[in-house]
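The structure under discussion appears below in the form of structure tokens.
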Amino acid sequence: MKLQNNKMRLIAAIVAAVGVVSLASTAAAAGVAWTYTGSTGPSHWNHLDPVNYAVCADGTAQSPINVRNPIEKALTNLKFNYGTSEAGIFNNGHTVEAEPLGSPTETLTIGKTVYPFLQFHFHAPSEHELNGLHFPLEIHFVHKTEDNKIAVVGVFVKAGKTNKDWSPFTAKITSATDVAEDTAVELDWAKLLPKNPQTIRYDGSLTTPGCTEGVKWNLFTHPITMSRAQISKFLEAYSGNNRPVQPLHGRKILIDSTISK
Ligand SMILES: [Zn+2]
């Protein structure tokens, strides 16, 4: 009887161990196990997939950062070729996104590079800090060329007047499914951006695993405004989905000195 019990315990232990191993490998393979808190939070992302997420811990050009003392430089304005189109809103398990449906034509030009627009999504509170301070929200407009050059445009949001241009998105943010086509609205993408074109620029990374570096970051210095009711819709969907700021490692932060209106 005693022997039987020990044998049973041994079998249970083996089953448990195998179970843990297969769970861990499944999570790593799928790349979906990461979170913003606890044992799968930002300081553990590299352990969840030691090959593909290694740069999250080892990288030297990671995002977000605390922006302070940027260097003034005459920069050419970002050129947004954004129009009005049908947008699909969806929840990806970490944030809510909107992407142009059909055959998107929206692009962003920086210098000589034309980046097709892929989607925007949000973080609450902001991921980047300005002089150590967070905004309630930060929206990321993600652009990518066919040869995988990535440019992200960050827009800070502060509380104030209702922003009608954002209403089609904020109205659907809590009901969106994981299928973009399920929640289609019309968005005037250009009107979602700040009117003042001044930006801060630096070289960084994606702020979610695998934390890929080589990302051109462009942060609007002027926030857009949304009402507290609109901001609370975002927070109802996700709150605390911001990666902490990362070391600068000597990177230069530039701010456009040619403020045109
Ligand atoms: Zn983001």
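Residue numbering restarts at 1 for every chain of the structure tokens, chains are lettered A, B, ... in their displayed order, and ligands are numbered from 1 as they appear.
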Checklist entry - Can I get the residues close to ligand 1 as a count of residues only, where close means within 7 Å and we count only C-alpha atoms and all ligand atoms? => result 6
Item to check | Polymer residues at most 7 Å from A:Thr183, only C-alpha atoms, same-chain spacing of 5 or more positions, as a PyMOL selection string | outcome: chain A and resi 88-89+176
Can you write out the residues you just picked, keeping N, CA and C atoms, as a PDB file, in the first residue's frame?
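Written out: result-v2.pdb:
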```pdb
ATOM      1  N   GLY A  88     -11.242  48.836 -39.298  1.00  0.00           N
ATOM      2  CA  GLY A  88     -11.677  47.685 -38.502  1.00  0.00           C
ATOM      3  C   GLY A  88     -11.075  47.805 -37.114  1.00  0.00           C
ATOM      4  N   ILE A  89     -11.928  47.711 -36.092  1.00  0.00           N
ATOM      5  CA  ILE A  89     -11.452  47.837 -34.710  1.00  0.00           C
ATOM      6  C   ILE A  89     -11.430  46.450 -34.084  1.00  0.00           C
ATOM      7  N   ALA A 176     -15.347  45.798 -29.121  1.00  0.00           N
ATOM      8  CA  ALA A 176     -14.623  45.192 -30.238  1.00  0.00           C
ATOM      9  C   ALA A 176     -14.237  43.740 -29.926  1.00  0.00           C
TER      10      ALA A 176
END
```
Item to check | Given only C-alpha atoms as the counted atoms, nearest of A:Lys216, A:Lys195, A:Arg201, A:His222 to A:Ile71 | outcome: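 Once distances to A:Ile71 are computed over only C-alpha atoms, the minimum belongs to A:Arg201.
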Checklist entry - DSSP on the backbone: what in stretch 114-166 of chain A comes out strand (DSSP E or B), as number ranges by chain? => result A: 114-123, 129-130, 133, 137-144, 150-159
Checklist entry - If you count only C-alpha atoms, which residues fall within 10 Å of stretch 230-247 of chain A, apart from same-chain ones fewer than 5 positions away, as a PyMOL selection string? => result chain A and resi 35-37+41-43+56-57+59-67+91+93-96+122-129+132+136-138+157-164+166-167+169-176+204+207-208+225
Next on the checklist: So that I can see what lies close to stretch 109-120 of chain A, please list as number ranges by chain the residues with an atom at most 10 Å from it, counting only C-alpha atoms and leaving out residues fewer than 3 positions away in the same chain.
Outcome noted: A: 75-82, 87-89, 95-101, 104-106, 139-146, 148-154, 189, 216, 218
Any chance you can output those residues with N, CA, C and O atoms as a short mmCIF file (atom, residue, chain, number, x, y, z; two decimals), in the first residue's frame?
```cif
data_model
loop_
_atom_site.label_atom_id
_atom_site.label_comp_id
_atom_site.auth_asym_id
_atom_site.auth_seq_id
_atom_site.Cartn_x
_atom_site.Cartn_y
_atom_site.Cartn_z
N LEU A 75 14.32 69.81 -38.49
CA LEU A 75 13.91 68.55 -39.10
C LEU A 75 12.79 68.81 -40.10
O LEU A 75 11.99 69.72 -39.90
N THR A 76 12.76 68.00 -41.17
CA THR A 76 11.62 68.15 -42.10
C THR A 76 10.40 67.50 -41.46
O THR A 76 10.50 66.47 -40.79
N ASN A 77 9.25 68.15 -41.67
CA ASN A 77 8.01 67.63 -41.10
C ASN A 77 7.70 66.22 -41.62
O ASN A 77 8.05 65.88 -42.74
N LEU A 78 7.05 65.45 -40.78
CA LEU A 78 6.53 64.16 -41.23
C LEU A 78 5.44 64.44 -42.25
O LEU A 78 4.64 65.37 -42.06
N LYS A 79 5.40 63.66 -43.34
CA LYS A 79 4.34 63.85 -44.34
C LYS A 79 3.34 62.70 -44.25
O LYS A 79 3.67 61.56 -44.61
N PHE A 80 2.15 63.04 -43.74
CA PHE A 80 1.12 62.02 -43.62
C PHE A 80 0.23 62.04 -44.85
O PHE A 80 -0.39 63.05 -45.16
N ASN A 81 0.20 60.94 -45.56
CA ASN A 81 -0.77 60.78 -46.64
C ASN A 81 -1.92 59.94 -46.07
O ASN A 81 -2.04 58.75 -46.33
N TYR A 82 -2.71 60.60 -45.22
CA TYR A 82 -3.81 59.95 -44.53
C TYR A 82 -5.12 60.52 -45.08
O TYR A 82 -5.23 61.73 -45.26
N ALA A 87 -12.37 51.59 -41.19
CA ALA A 87 -11.42 51.04 -40.22
C ALA A 87 -12.05 49.85 -39.52
O ALA A 87 -13.22 49.86 -39.18
N GLY A 88 -11.24 48.84 -39.30
CA GLY A 88 -11.68 47.69 -38.50
C GLY A 88 -11.07 47.80 -37.11
O GLY A 88 -9.87 48.02 -36.97
N ILE A 89 -11.93 47.71 -36.09
CA ILE A 89 -11.45 47.84 -34.71
C ILE A 89 -11.43 46.45 -34.08
O ILE A 89 -12.41 45.70 -34.20
N THR A 95 -4.21 45.24 -26.21
CA THR A 95 -4.69 46.59 -26.49
C THR A 95 -5.82 46.48 -27.51
O THR A 95 -6.14 45.38 -27.97
N VAL A 96 -6.43 47.61 -27.83
CA VAL A 96 -7.43 47.64 -28.91
C VAL A 96 -6.82 48.42 -30.07
O VAL A 96 -6.23 49.49 -29.86
N GLU A 97 -6.94 47.86 -31.28
CA GLU A 97 -6.33 48.44 -32.47
C GLU A 97 -7.39 48.87 -33.47
O GLU A 97 -8.51 48.37 -33.43
N ALA A 98 -7.00 49.75 -34.39
CA ALA A 98 -7.82 50.06 -35.56
C ALA A 98 -6.91 49.98 -36.77
O ALA A 98 -5.79 50.52 -36.75
N GLU A 99 -7.37 49.31 -37.82
CA GLU A 99 -6.57 49.19 -39.04
C GLU A 99 -7.44 49.52 -40.25
O GLU A 99 -8.65 49.26 -40.23
N PRO A 100 -6.85 50.11 -41.29
CA PRO A 100 -7.63 50.36 -42.50
C PRO A 100 -8.01 49.04 -43.15
O PRO A 100 -7.18 48.14 -43.25
N LEU A 101 -9.28 48.92 -43.55
CA LEU A 101 -9.75 47.70 -44.21
C LEU A 101 -9.61 47.86 -45.72
O LEU A 101 -9.41 48.96 -46.22
N PRO A 104 -5.51 49.48 -48.21
CA PRO A 104 -5.13 50.77 -47.63
C PRO A 104 -4.15 51.55 -48.51
O PRO A 104 -3.30 50.95 -49.16
N THR A 105 -4.32 52.86 -48.52
CA THR A 105 -3.41 53.72 -49.29
C THR A 105 -2.68 54.71 -48.38
O THR A 105 -1.87 55.50 -48.85
N GLU A 106 -2.98 54.66 -47.07
CA GLU A 106 -2.37 55.61 -46.13
C GLU A 106 -0.88 55.32 -45.98
O GLU A 106 -0.48 54.16 -45.81
N ILE A 139 -1.13 57.02 -28.03
CA ILE A 139 -1.59 56.26 -29.20
C ILE A 139 -0.38 56.02 -30.10
O ILE A 139 0.41 56.95 -30.33
N HIS A 140 -0.23 54.82 -30.61
CA HIS A 140 0.86 54.49 -31.53
C HIS A 140 0.33 54.20 -32.93
O HIS A 140 -0.47 53.27 -33.10
N PHE A 141 0.76 55.01 -33.91
CA PHE A 141 0.44 54.77 -35.31
C PHE A 141 1.64 54.03 -35.91
O PHE A 141 2.74 54.60 -35.99
N VAL A 142 1.43 52.78 -36.27
CA VAL A 142 2.52 51.90 -36.71
C VAL A 142 2.58 51.83 -38.23
O VAL A 142 1.56 51.63 -38.89
N HIS A 143 3.81 52.03 -38.76
CA HIS A 143 4.03 52.01 -40.21
C HIS A 143 5.18 51.07 -40.52
O HIS A 143 6.16 51.02 -39.76
N LYS A 144 5.07 50.35 -41.64
CA LYS A 144 6.11 49.37 -41.97
C LYS A 144 6.26 49.25 -43.48
O LYS A 144 5.25 49.14 -44.19
N THR A 145 7.51 49.26 -43.94
CA THR A 145 7.76 49.08 -45.37
C THR A 145 7.79 47.58 -45.69
O THR A 145 7.84 46.74 -44.78
N GLU A 146 7.81 47.27 -46.99
CA GLU A 146 7.85 45.86 -47.40
C GLU A 146 9.14 45.19 -46.95
O GLU A 146 9.16 43.99 -46.70
N ASN A 148 10.48 45.70 -44.14
CA ASN A 148 10.42 45.67 -42.66
C ASN A 148 11.07 46.83 -41.93
O ASN A 148 11.50 46.68 -40.80
N LYS A 149 11.16 48.00 -42.58
CA LYS A 149 11.55 49.20 -41.84
C LYS A 149 10.31 49.69 -41.10
O LYS A 149 9.24 49.82 -41.70
N ILE A 150 10.47 49.99 -39.81
CA ILE A 150 9.31 50.37 -38.99
C ILE A 150 9.45 51.81 -38.50
O ILE A 150 10.51 52.21 -38.03
N ALA A 151 8.38 52.57 -38.63
CA ALA A 151 8.31 53.92 -38.06
C ALA A 151 7.03 54.01 -37.25
O ALA A 151 5.95 53.67 -37.73
N VAL A 152 7.15 54.42 -35.98
CA VAL A 152 5.98 54.58 -35.13
C VAL A 152 5.82 56.05 -34.76
O VAL A 152 6.79 56.73 -34.45
N VAL A 153 4.58 56.51 -34.85
CA VAL A 153 4.24 57.88 -34.46
C VAL A 153 3.46 57.81 -33.16
O VAL A 153 2.44 57.13 -33.08
N GLY A 154 3.98 58.50 -32.13
CA GLY A 154 3.32 58.50 -30.83
C GLY A 154 2.55 59.78 -30.61
O GLY A 154 3.08 60.87 -30.86
N TRP A 189 -8.41 59.51 -40.64
CA TRP A 189 -7.15 59.23 -39.94
C TRP A 189 -6.35 60.51 -39.66
O TRP A 189 -5.75 60.65 -38.59
N LYS A 216 12.09 53.67 -36.01
CA LYS A 216 12.16 55.13 -36.03
C LYS A 216 10.99 55.68 -35.20
O LYS A 216 9.83 55.52 -35.58
N ASN A 218 8.79 58.75 -33.55
CA ASN A 218 8.38 60.14 -33.80
C ASN A 218 7.26 60.47 -32.82
O ASN A 218 6.16 59.95 -32.94
#
```
Next on the checklist: Can you measure atom CA of A:Tyr202 to atom CA of A:Ile253 for me? One decimal in Å is fine.
Outcome noted: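 Computing the Euclidean distance for atom CA of A:Tyr202 and atom CA of A:Ile253 yields 5.1 Å.
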Next on the checklist: At a cut-off of 10 Å, using only C-alpha atoms, what residues contact A:Val55? Leave out same-chain residues fewer than 5 positions from it and give the result as a PyMOL selection string.
Outcome noted: chain A and resi 45-46+50+60-62+205+209-213
Next on the checklist: Based on the backbone DSSP call, show me all residues of stretch 161-261 of chain A assigned alpha helix (DSSP H), as number ranges by chain.
Outcome noted: A: 167-170, 228-237
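Atom CA of A:Met226 lies 24.9 Å from atom CA of A:Arg68.
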Checklist entry - A:Glu86, A:Asp203, A:Asp147, A:Asp165: which is nearest A:Glu181, counting only C-alpha atoms? => result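 Counting only C-alpha atoms, the residue closest to A:Glu181 is A:Glu86.
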